[in-house]
$ cat query.txt   # compact mmCIF, C-alpha atoms
# COMPACT_ATOMS: atom_id res chain seq x y z
CA MET A 72 0.00 0.00 0.00
CA ALA A 73 2.80 2.41 0.89
CA GLU A 74 4.40 1.75 -2.49
CA LEU A 75 1.12 2.44 -4.30
CA GLU A 76 0.66 5.68 -2.37
CA ALA A 77 4.21 6.72 -3.22
CA ASP A 78 3.60 5.98 -6.91
CA LEU A 79 0.37 7.99 -6.83
CA GLU A 80 2.07 10.91 -5.12
CA ALA A 81 4.89 10.85 -7.68
CA GLU A 82 2.43 10.73 -10.57
CA CYS A 83 0.44 13.65 -9.18
CA ALA A 84 3.63 15.63 -8.59
CA SER A 85 4.65 15.08 -12.21
CA THR A 86 1.45 16.67 -13.51
CA ARG A 87 2.27 19.80 -15.47
CA GLN A 88 0.35 22.53 -17.22
CA ARG A 89 0.31 22.23 -21.01
CA PRO A 90 2.78 24.73 -22.54
CA GLY A 91 1.08 27.95 -23.59
CA MET A 92 -2.00 27.40 -21.41
CA ASP A 93 -1.40 30.55 -19.36
CA GLU A 94 -1.45 32.75 -22.44
CA VAL A 95 -4.51 31.10 -23.98
CA TRP A 96 -6.41 31.22 -20.69
CA ASP A 97 -5.66 34.90 -20.13
CA THR A 98 -6.53 35.74 -23.73
CA LEU A 99 -9.93 34.08 -23.41
CA ARG A 100 -10.49 35.96 -20.17
CA ARG A 101 -9.61 39.27 -21.84
CA LEU A 102 -12.24 38.46 -24.47
CA GLY A 103 -14.80 38.09 -21.68
CA LEU A 104 -15.37 34.40 -22.36
CA LYS A 105 -16.25 31.74 -19.81
CA ILE A 106 -13.88 28.82 -19.27
CA GLY A 107 -14.89 25.40 -18.02
CA VAL A 108 -12.92 22.25 -17.21
CA CYS A 109 -14.41 18.80 -17.73
CA SER A 110 -12.35 15.72 -16.92
CA ASN A 111 -12.68 11.99 -16.35
CA LEU A 112 -10.79 11.98 -13.09
CA ALA A 113 -10.33 9.92 -9.94
CA SER A 114 -10.52 11.90 -6.70
CA ALA A 115 -6.83 11.31 -5.94
CA TYR A 116 -5.88 13.48 -8.92
CA GLU A 117 -8.10 16.47 -8.15
CA HIS A 118 -5.42 18.56 -6.42
CA ALA A 119 -2.92 17.84 -9.19
CA LEU A 120 -5.36 19.04 -11.83
CA LEU A 121 -6.44 22.16 -9.96
CA GLY A 122 -2.88 23.07 -9.06
CA CYS A 123 -2.00 23.19 -12.76
CA LEU A 124 -4.82 25.48 -13.81
CA PRO A 125 -3.68 29.07 -14.42
CA ARG A 126 -6.84 30.53 -12.89
CA VAL A 127 -10.14 29.44 -11.39
CA PRO A 128 -12.52 28.14 -14.09
CA ASP A 129 -16.12 29.29 -14.36
CA ALA A 130 -17.25 25.67 -14.23
CA LEU A 131 -15.56 22.50 -13.04
CA VAL A 132 -17.07 19.13 -13.94
CA LEU A 133 -15.15 16.12 -12.65
CA SER A 134 -16.42 12.61 -13.32
CA PHE A 135 -15.84 11.32 -9.79
CA GLN A 136 -17.99 14.13 -8.39
CA ALA A 137 -20.68 14.09 -11.07
CA GLY A 138 -21.08 10.31 -11.20
CA ILE A 139 -20.97 10.36 -15.01
CA MET A 140 -18.11 10.22 -17.49
CA LYS A 141 -17.19 11.43 -20.93
CA PRO A 142 -18.47 10.50 -23.51
CA GLN A 143 -21.86 10.17 -21.78
CA ILE A 144 -24.07 12.93 -23.14
CA GLU A 145 -25.18 13.92 -19.62
CA ILE A 146 -21.73 15.19 -18.68
CA TYR A 147 -21.69 17.67 -21.57
CA GLN A 148 -25.18 18.78 -20.62
CA LEU A 149 -23.87 19.39 -17.10
CA VAL A 150 -21.06 21.53 -18.54
CA CYS A 151 -23.66 23.65 -20.36
CA GLU A 152 -25.74 23.95 -17.21
CA ARG A 153 -22.84 25.07 -15.03
CA LEU A 154 -21.62 27.57 -17.60
CA ASN A 155 -25.21 28.74 -18.14
CA LEU A 156 -24.71 28.50 -21.90
CA GLU A 157 -26.41 26.71 -24.76
CA PRO A 158 -24.49 23.84 -26.42
CA GLY A 159 -23.98 25.89 -29.59
CA GLN A 160 -22.19 28.58 -27.56
CA ILE A 161 -19.43 26.24 -26.34
CA LEU A 162 -16.20 25.05 -27.95
CA PHE A 163 -14.96 21.82 -26.33
CA VAL A 164 -11.23 21.03 -26.68
CA GLY A 165 -9.38 17.91 -25.53
CA ASP A 166 -7.02 15.08 -26.43
CA SER A 167 -9.47 12.19 -26.82
CA LEU A 168 -11.33 11.76 -30.11
CA GLU A 169 -14.31 10.00 -28.53
CA ALA A 170 -14.50 11.86 -25.22
CA ASP A 171 -13.50 15.36 -26.31
CA VAL A 172 -14.59 15.64 -29.94
CA LEU A 173 -17.25 13.13 -31.00
CA GLY A 174 -19.02 13.05 -27.63
CA PRO A 175 -19.44 16.83 -27.33
CA ARG A 176 -20.55 17.08 -30.95
CA ARG A 177 -23.29 14.52 -30.32
CA ALA A 178 -24.44 16.77 -27.47
CA GLY A 179 -24.59 19.78 -29.81
CA LEU A 180 -21.34 21.50 -28.80
CA PHE A 181 -18.61 22.65 -31.14
CA ALA A 182 -15.52 20.52 -30.56
CA MET A 183 -11.97 20.06 -31.79
CA SER A 184 -8.92 18.14 -30.66
CA ILE A 185 -6.18 19.91 -28.74
CA GLY A 186 -3.89 19.32 -31.72
CA GLU A 187 -6.34 21.06 -34.07
CA PHE A 188 -6.77 23.88 -31.57
CA GLU A 189 -3.03 24.52 -31.23
CA LEU A 190 -2.51 24.24 -34.99
CA ALA A 191 -5.29 26.76 -35.57
CA LEU A 192 -3.65 29.16 -33.11
CA ALA A 193 -0.31 28.78 -34.87
CA GLU A 194 -1.31 28.61 -38.53
CA GLY A 195 -4.95 29.61 -38.84
CA LEU A 196 -8.19 27.75 -39.52
CA THR A 197 -9.37 25.70 -42.45
CA PRO A 198 -11.98 27.26 -44.80
CA ASP A 199 -14.76 24.95 -43.58
CA THR A 200 -14.55 26.14 -39.96
CA PRO A 201 -17.95 27.28 -38.60
CA GLY A 202 -18.33 31.05 -38.51
CA ALA A 203 -18.61 31.39 -34.74
CA ILE A 204 -15.36 29.47 -34.21
CA ALA A 205 -13.58 31.39 -36.97
CA GLU A 206 -14.59 34.66 -35.30
CA LEU A 207 -13.26 33.44 -31.95
CA PHE A 208 -9.86 32.62 -33.42
CA GLU A 209 -9.72 35.97 -35.19
CA GLN A 210 -10.28 37.71 -31.85
CA ILE A 211 -7.63 35.55 -30.17
CA ALA A 212 -5.13 36.35 -32.93
CA ALA A 213 -5.81 40.08 -32.60
CA LEU A 214 -5.23 40.05 -28.84
CA ARG A 215 -2.09 37.94 -29.11
CA LYS A 216 -0.58 40.55 -31.42
CA LEU A 217 -1.02 43.10 -28.63
CA GLY A 218 0.96 40.88 -26.26
CA PRO A 219 0.30 40.02 -22.62
CA ILE A 220 -0.67 42.62 -20.05
CA PRO A 221 2.54 43.54 -18.20
CA LEU A 222 2.83 42.80 -14.49
CA VAL A 223 2.41 46.02 -12.55
CA HIS A 224 3.07 44.70 -9.05
CA THR A 225 5.98 43.29 -7.16
CA PRO A 226 4.84 40.62 -4.65
CA LYS A 227 4.92 43.22 -1.86
CA GLN A 228 2.95 45.71 -3.94
CA ALA A 229 0.43 42.99 -4.81
CA LEU A 230 -0.21 42.35 -1.12
CA ASP A 231 -0.60 46.06 -0.43
CA SER A 232 -2.82 46.53 -3.47
CA GLY A 233 -5.12 43.73 -2.36
CA LEU A 234 -5.31 45.22 1.12
CA ALA A 235 -6.09 48.69 -0.23
CA HIS A 236 -8.90 47.31 -2.38
CA VAL A 237 -10.44 45.46 0.56
CA ASN A 238 -10.16 48.51 2.83
CA VAL A 239 -12.14 50.54 0.30
CA SER A 240 -14.66 47.75 -0.14
CA ILE A 241 -15.39 47.19 3.55
CA ARG A 242 -14.81 50.83 4.58
CA ARG A 243 -12.15 50.09 7.16
CA LYS A 244 -8.45 50.78 7.37
CA TYR A 245 -6.66 47.58 8.27
CA SER A 246 -2.89 47.58 8.39
CA ARG A 247 -0.45 45.36 6.54
CA HIS A 248 0.46 43.77 9.88
CA GLU A 249 -3.18 42.82 10.50
CA LEU A 250 -3.51 41.31 7.03
CA LEU A 251 -0.38 39.22 7.50
CA GLU A 252 -1.75 38.08 10.87
CA VAL A 253 -5.03 36.82 9.42
CA LEU A 254 -3.34 35.12 6.46
CA ARG A 255 -0.74 33.38 8.62
CA SER A 256 -3.06 32.41 11.49
CA PRO A 257 -6.55 32.10 9.98
CA LEU A 258 -7.67 29.35 12.35
CA ALA A 259 -6.88 31.49 15.39
CA VAL A 260 -8.68 34.43 13.81
CA MET A 261 -11.82 32.42 13.06
CA GLN A 262 -11.86 30.97 16.58
CA GLY A 263 -11.32 34.41 18.13
CA ASP A 264 -13.76 37.16 19.00
CA ASP A 265 -12.58 39.88 16.61
CA ALA A 266 -15.35 40.11 13.99
CA GLY A 267 -13.37 42.74 12.10
CA LEU A 268 -10.42 40.44 11.47
CA LYS A 269 -12.79 37.67 10.42
CA HIS A 270 -14.33 40.06 7.92
CA LEU A 271 -10.88 41.08 6.66
CA LEU A 272 -9.94 37.43 6.14
CA SER A 273 -13.05 36.48 4.19
CA ALA A 274 -13.08 39.70 2.16
CA PHE A 275 -9.42 39.48 1.14
CA ILE A 276 -9.63 35.87 -0.02
CA ASP A 277 -12.95 36.43 -1.75
CA GLU A 278 -12.04 39.65 -3.57
CA SER A 279 -8.41 39.00 -4.56
CA ASP A 280 -8.18 37.53 -8.03
CA GLU A 281 -6.00 34.55 -8.89
CA ALA A 282 -3.28 36.58 -10.60
CA LEU A 283 -2.89 38.75 -7.50
CA LEU A 284 -2.74 35.74 -5.17
CA THR A 285 -0.17 34.07 -7.40
CA ARG A 286 1.97 37.20 -7.37
CA ILE A 287 1.72 37.48 -3.58
CA THR A 288 3.11 33.97 -3.07
CA GLU A 289 6.20 34.83 -5.13
CA GLY A 290 7.44 37.14 -2.39
CA GLY A 291 7.91 34.63 0.42
CA GLU A 292 5.89 36.49 3.07
CA ILE A 293 2.79 34.43 2.32
CA THR A 294 2.87 30.88 0.98
CA TRP A 295 0.29 28.80 -0.86
CA ALA A 296 -0.12 26.81 2.36
CA ASN A 297 -1.02 30.06 4.17
CA LEU A 298 -3.54 30.93 1.47
CA ARG A 299 -5.02 27.43 1.56
CA GLU A 300 -5.62 27.70 5.32
CA ALA A 301 -7.06 31.19 4.87
CA ALA A 302 -9.34 30.01 2.05
CA LEU A 303 -10.60 27.13 4.18
CA ALA A 304 -11.58 29.67 6.80
CA GLY A 305 -12.78 32.44 4.52
CA LEU A 306 -14.63 30.68 1.69
CA ARG A 307 -17.60 28.38 1.64
CA PRO A 308 -17.02 24.65 1.06
CA GLY A 309 -17.33 23.88 -2.64
CA ASP A 310 -16.12 27.31 -3.76
CA LEU A 311 -14.01 26.82 -6.90
CA LYS A 312 -11.45 29.36 -5.74
CA LEU A 313 -10.97 27.39 -2.52
CA ALA A 314 -10.43 24.21 -4.53
CA TRP A 315 -7.99 25.97 -6.85
CA ILE A 316 -5.97 27.46 -3.97
CA ALA A 317 -5.87 24.05 -2.28
CA GLY A 318 -4.60 22.51 -5.50
CA ARG A 319 -1.88 25.13 -5.81
CA ALA A 320 -0.85 24.53 -2.20
CA VAL A 321 -0.53 20.78 -2.70
CA MET A 322 1.46 21.24 -5.90
CA ALA A 323 3.75 23.58 -3.95
CA GLY A 324 4.42 20.82 -1.41
CA ALA A 325 1.79 21.42 1.28
CA ASN A 326 0.07 18.56 3.08
CA PRO A 327 -3.04 17.65 1.03
CA PHE A 328 -4.97 16.97 4.25
CA PRO A 329 -4.41 19.91 6.62
CA THR A 330 -5.37 19.25 10.23
CA SER A 331 -7.36 22.47 10.42
CA ALA A 332 -9.60 21.54 7.49
CA ALA A 333 -11.94 19.56 9.72
CA VAL A 334 -12.43 22.29 12.28
CA VAL A 335 -12.54 25.46 10.21
CA GLY A 336 -16.00 26.21 8.88
CA ALA A 337 -17.29 28.56 6.24
CA PRO A 338 -17.87 32.17 7.29
CA SER A 339 -21.30 33.07 8.55
CA ASP A 340 -23.70 34.94 6.28
CA ASP A 341 -22.90 38.28 7.87
CA LEU A 342 -19.21 37.85 7.09
CA ALA A 343 -19.46 36.24 3.66
CA ARG A 344 -19.38 38.50 0.68

$ encode --input "query.txt" --output "structure tokens"
Amino acid sequence: MAELEADLEAECASTRQRPGMDEVWDTLRRLGLKIGVCSNLASAYEHALLGCLPRVPDALVLSFQAGIMKPQIEIYQLVCERLNLEPGQILFVGDSLEADVLGPRRAGLFAMSIGEFELALAEGLTPDTPGAIAELFEQIAALRKLGPIPLVHTPKQALDSGLAHVNVSIRRKYSRHELLEVLRSPLAVMQGDDAGLKHLLSAFIDESDEALLTRITEGGEITWANLREAALAGLRPGDLKLAWIAGRAVMAGANPFPTSAAVVGAPSDDLAR
């Protein structure tokens, strides 16, 4: 059993993001498009998958949670439901002909293999490409010519920027020291009597976007493990951002089963944003 667990841990640790995914993801976001992830996945691989995603998806459909698998038509219908889109508004991309191309097409979605998708990004589309998909790739090409949005924050500035945004949002003036306290000791904060610090914790985790959180961890003051503990305290169970942060923490070497996870609850309604 120990050998099997070691093999599983090694396999999960070897999971890597597909080259170029960051750029494609951010480009789609800049176009205002929704992004979903649908995978036939065993529960043991959830953290590895989430830790590789550049940002939090708008919808996450995992077979072990849904109780259905690709290429069953119901799983593609669930993707549509969670994205709140019609099948004809979705382009499905993956590496399996049956599960990621033929299956989605039977459900009414547009679909193409990851190879076709990457080739289209590099060299353009074929003349028979449906108009909606051709328009999407034209928009992607136009944005890629502009280049990525430059980083405007150092890790320290990112932390201060997030704090300033939250202070404006909740109409308080918390200090950097207080923010570091709640991010490093979220369990103590949630078990304490200071409602203000509890509010700061939940508001910061809820309102900070993924790019800002990623930048913050690059400075060393706050780690992914810190953010995972803070997210467990500050976000509701099932929140996709919580799952994404937990995945990032595990991929960064944190214990996948933190001891505080069982005793830290979601914030109450008056603290949740």

$ atom_distance --input "query.txt" --atom1 "CA of Met183 (chain A)" --atom2 "CA of Ile161 (chain A)"
11.1 Å

$ residues_around --input "query.txt" --residues "Cys151 (chain A)" --least-positions-apart "4" --cutoff "10 Å" --atoms "all atoms listed in the file" --output "VMD selection string"
chain A and resid 107 130 145 to 147 155 to 161 178 180

$ closest_residue --input "query.txt" --among "A:Ala282, A:Arg126, A:Gln228, A:Asn297" --to "Glu252 (chain A)" --atoms "only C-alpha atoms"
A:Asn297

$ axis_aligned_box --input "query.txt" --around "region 93-104 of chain A" --padding-each-side "3 Å" --output "JSON"
{"center_x": -8.4, "center_y": 34.9, "center_z": -21.9, "size_x": 20.0, "size_y": 14.7, "size_z": 11.1}

$ atom_distance --input "query.txt" --atom1 "CA of Ile211 (chain A)" --atom2 "CA of Val172 (chain A)"
21.1 Å

$ residues_around --input "query.txt" --residues "Ser134 (chain A)" --least-positions-apart "3" --cutoff "12 Å" --atoms "all atoms listed in the file" --output "list in words"
Val108, Cys109, Ser110, Asn111, Leu112, Ala113, Ser114, Tyr116, Glu117, Leu131, Ala137, Gly138, Ile139, Met140, Lys141, Pro142, Gln143, Glu145, Ile146, Tyr147, Leu149 and Val150 of chain A

$ decode --input "query.txt" --residues "region 175-207 of chain A" --atoms "N, CA and C atoms" --output "PDB file, in the first residue's frame"
ATOM      1  N   PRO A 175     -18.849  15.482 -27.396  1.00  0.00           N
ATOM      2  CA  PRO A 175     -19.435  16.827 -27.328  1.00  0.00           C
ATOM      3  C   PRO A 175     -20.260  17.182 -28.563  1.00  0.00           C
ATOM      4  N   ARG A 176     -19.800  16.764 -29.738  1.00  0.00           N
ATOM      5  CA  ARG A 176     -20.553  17.078 -30.950  1.00  0.00           C
ATOM      6  C   ARG A 176     -21.924  16.411 -30.942  1.00  0.00           C
ATOM      7  N   ARG A 177     -21.993  15.190 -30.421  1.00  0.00           N
ATOM      8  CA  ARG A 177     -23.295  14.523 -30.322  1.00  0.00           C
ATOM      9  C   ARG A 177     -24.233  15.279 -29.381  1.00  0.00           C
ATOM     10  N   ALA A 178     -23.637  15.996 -28.424  1.00  0.00           N
ATOM     11  CA  ALA A 178     -24.440  16.773 -27.474  1.00  0.00           C
ATOM     12  C   ALA A 178     -24.748  18.176 -27.995  1.00  0.00           C
ATOM     13  N   GLY A 179     -24.274  18.488 -29.208  1.00  0.00           N
ATOM     14  CA  GLY A 179     -24.588  19.776 -29.815  1.00  0.00           C
ATOM     15  C   GLY A 179     -23.545  20.857 -29.624  1.00  0.00           C
ATOM     16  N   LEU A 180     -22.399  20.516 -29.007  1.00  0.00           N
ATOM     17  CA  LEU A 180     -21.342  21.495 -28.796  1.00  0.00           C
ATOM     18  C   LEU A 180     -20.413  21.524 -30.013  1.00  0.00           C
ATOM     19  N   PHE A 181     -19.750  22.638 -30.232  1.00  0.00           N
ATOM     20  CA  PHE A 181     -18.614  22.653 -31.142  1.00  0.00           C
ATOM     21  C   PHE A 181     -17.473  21.921 -30.439  1.00  0.00           C
ATOM     22  N   ALA A 182     -16.620  21.241 -31.189  1.00  0.00           N
ATOM     23  CA  ALA A 182     -15.518  20.516 -30.555  1.00  0.00           C
ATOM     24  C   ALA A 182     -14.371  20.338 -31.534  1.00  0.00           C
ATOM     25  N   MET A 183     -13.159  20.336 -30.991  1.00  0.00           N
ATOM     26  CA  MET A 183     -11.973  20.062 -31.787  1.00  0.00           C
ATOM     27  C   MET A 183     -10.903  19.472 -30.877  1.00  0.00           C
ATOM     28  N   SER A 184      -9.992  18.729 -31.463  1.00  0.00           N
ATOM     29  CA  SER A 184      -8.919  18.141 -30.665  1.00  0.00           C
ATOM     30  C   SER A 184      -7.936  19.226 -30.248  1.00  0.00           C
ATOM     31  N   ILE A 185      -7.160  18.937 -29.203  1.00  0.00           N
ATOM     32  CA  ILE A 185      -6.177  19.911 -28.745  1.00  0.00           C
ATOM     33  C   ILE A 185      -5.136  20.171 -29.829  1.00  0.00           C
ATOM     34  N   GLY A 186      -4.836  19.135 -30.620  1.00  0.00           N
ATOM     35  CA  GLY A 186      -3.894  19.320 -31.723  1.00  0.00           C
ATOM     36  C   GLY A 186      -4.430  20.290 -32.758  1.00  0.00           C
ATOM     37  N   GLU A 187      -5.709  20.139 -33.116  1.00  0.00           N
ATOM     38  CA  GLU A 187      -6.340  21.059 -34.070  1.00  0.00           C
ATOM     39  C   GLU A 187      -6.374  22.475 -33.513  1.00  0.00           C
ATOM     40  N   PHE A 188      -6.676  22.578 -32.222  1.00  0.00           N
ATOM     41  CA  PHE A 188      -6.767  23.884 -31.574  1.00  0.00           C
ATOM     42  C   PHE A 188      -5.418  24.603 -31.619  1.00  0.00           C
ATOM     43  N   GLU A 189      -4.362  23.896 -31.245  1.00  0.00           N
ATOM     44  CA  GLU A 189      -3.034  24.515 -31.230  1.00  0.00           C
ATOM     45  C   GLU A 189      -2.551  24.832 -32.643  1.00  0.00           C
ATOM     46  N   LEU A 190      -2.885  23.976 -33.599  1.00  0.00           N
ATOM     47  CA  LEU A 190      -2.511  24.244 -34.988  1.00  0.00           C
ATOM     48  C   LEU A 190      -3.240  25.474 -35.515  1.00  0.00           C
ATOM     49  N   ALA A 191      -4.518  25.599 -35.139  1.00  0.00           N
ATOM     50  CA  ALA A 191      -5.294  26.762 -35.572  1.00  0.00           C
ATOM     51  C   ALA A 191      -4.727  28.049 -34.979  1.00  0.00           C
ATOM     52  N   LEU A 192      -4.268  27.981 -33.728  1.00  0.00           N
ATOM     53  CA  LEU A 192      -3.652  29.158 -33.112  1.00  0.00           C
ATOM     54  C   LEU A 192      -2.365  29.546 -33.827  1.00  0.00           C
ATOM     55  N   ALA A 193      -1.618  28.529 -34.254  1.00  0.00           N
ATOM     56  CA  ALA A 193      -0.311  28.784 -34.866  1.00  0.00           C
ATOM     57  C   ALA A 193      -0.402  29.142 -36.344  1.00  0.00           C
ATOM     58  N   GLU A 194      -1.319  28.481 -37.068  1.00  0.00           N
ATOM     59  CA  GLU A 194      -1.310  28.613 -38.529  1.00  0.00           C
ATOM     60  C   GLU A 194      -2.630  29.085 -39.125  1.00  0.00           C
ATOM     61  N   GLY A 195      -3.667  29.181 -38.317  1.00  0.00           N
ATOM     62  CA  GLY A 195      -4.955  29.607 -38.844  1.00  0.00           C
ATOM     63  C   GLY A 195      -5.894  28.431 -39.063  1.00  0.00           C
ATOM     64  N   LEU A 196      -7.136  28.751 -39.385  1.00  0.00           N
ATOM     65  CA  LEU A 196      -8.186  27.750 -39.520  1.00  0.00           C
ATOM     66  C   LEU A 196      -8.362  27.302 -40.967  1.00  0.00           C
ATOM     67  N   THR A 197      -9.027  26.176 -41.116  1.00  0.00           N
ATOM     68  CA  THR A 197      -9.373  25.696 -42.453  1.00  0.00           C
ATOM     69  C   THR A 197     -10.618  26.437 -42.939  1.00  0.00           C
ATOM     70  N   PRO A 198     -10.839  26.496 -44.255  1.00  0.00           N
ATOM     71  CA  PRO A 198     -11.979  27.261 -44.800  1.00  0.00           C
ATOM     72  C   PRO A 198     -13.346  26.767 -44.342  1.00  0.00           C
ATOM     73  N   ASP A 199     -13.456  25.491 -43.955  1.00  0.00           N
ATOM     74  CA  ASP A 199     -14.763  24.953 -43.583  1.00  0.00           C
ATOM     75  C   ASP A 199     -15.090  25.130 -42.099  1.00  0.00           C
ATOM     76  N   THR A 200     -14.295  25.904 -41.382  1.00  0.00           N
ATOM     77  CA  THR A 200     -14.546  26.135 -39.959  1.00  0.00           C
ATOM     78  C   THR A 200     -15.835  26.937 -39.775  1.00  0.00           C
ATOM     79  N   PRO A 201     -16.714  26.515 -38.847  1.00  0.00           N
ATOM     80  CA  PRO A 201     -17.948  27.279 -38.595  1.00  0.00           C
ATOM     81  C   PRO A 201     -17.650  28.736 -38.261  1.00  0.00           C
ATOM     82  N   GLY A 202     -18.559  29.615 -38.662  1.00  0.00           N
ATOM     83  CA  GLY A 202     -18.334  31.049 -38.515  1.00  0.00           C
ATOM     84  C   GLY A 202     -18.056  31.505 -37.097  1.00  0.00           C
ATOM     85  N   ALA A 203     -18.789  30.964 -36.123  1.00  0.00           N
ATOM     86  CA  ALA A 203     -18.605  31.387 -34.737  1.00  0.00           C
ATOM     87  C   ALA A 203     -17.204  31.048 -34.240  1.00  0.00           C
ATOM     88  N   ILE A 204     -16.695  29.880 -34.639  1.00  0.00           N
ATOM     89  CA  ILE A 204     -15.356  29.470 -34.215  1.00  0.00           C
ATOM     90  C   ILE A 204     -14.297  30.297 -34.933  1.00  0.00           C
ATOM     91  N   ALA A 205     -14.521  30.563 -36.210  1.00  0.00           N
ATOM     92  CA  ALA A 205     -13.579  31.392 -36.967  1.00  0.00           C
ATOM     93  C   ALA A 205     -13.467  32.781 -36.345  1.00  0.00           C
ATOM     94  N   GLU A 206     -14.599  33.334 -35.927  1.00  0.00           N
ATOM     95  CA  GLU A 206     -14.590  34.661 -35.302  1.00  0.00           C
ATOM     96  C   GLU A 206     -13.818  34.642 -33.986  1.00  0.00           C
ATOM     97  N   LEU A 207     -13.989  33.567 -33.213  1.00  0.00           N
ATOM     98  CA  LEU A 207     -13.261  33.438 -31.953  1.00  0.00           C
ATOM     99  C   LEU A 207     -11.756  33.458 -32.193  1.00  0.00           C
TER     100      LEU A 207
END
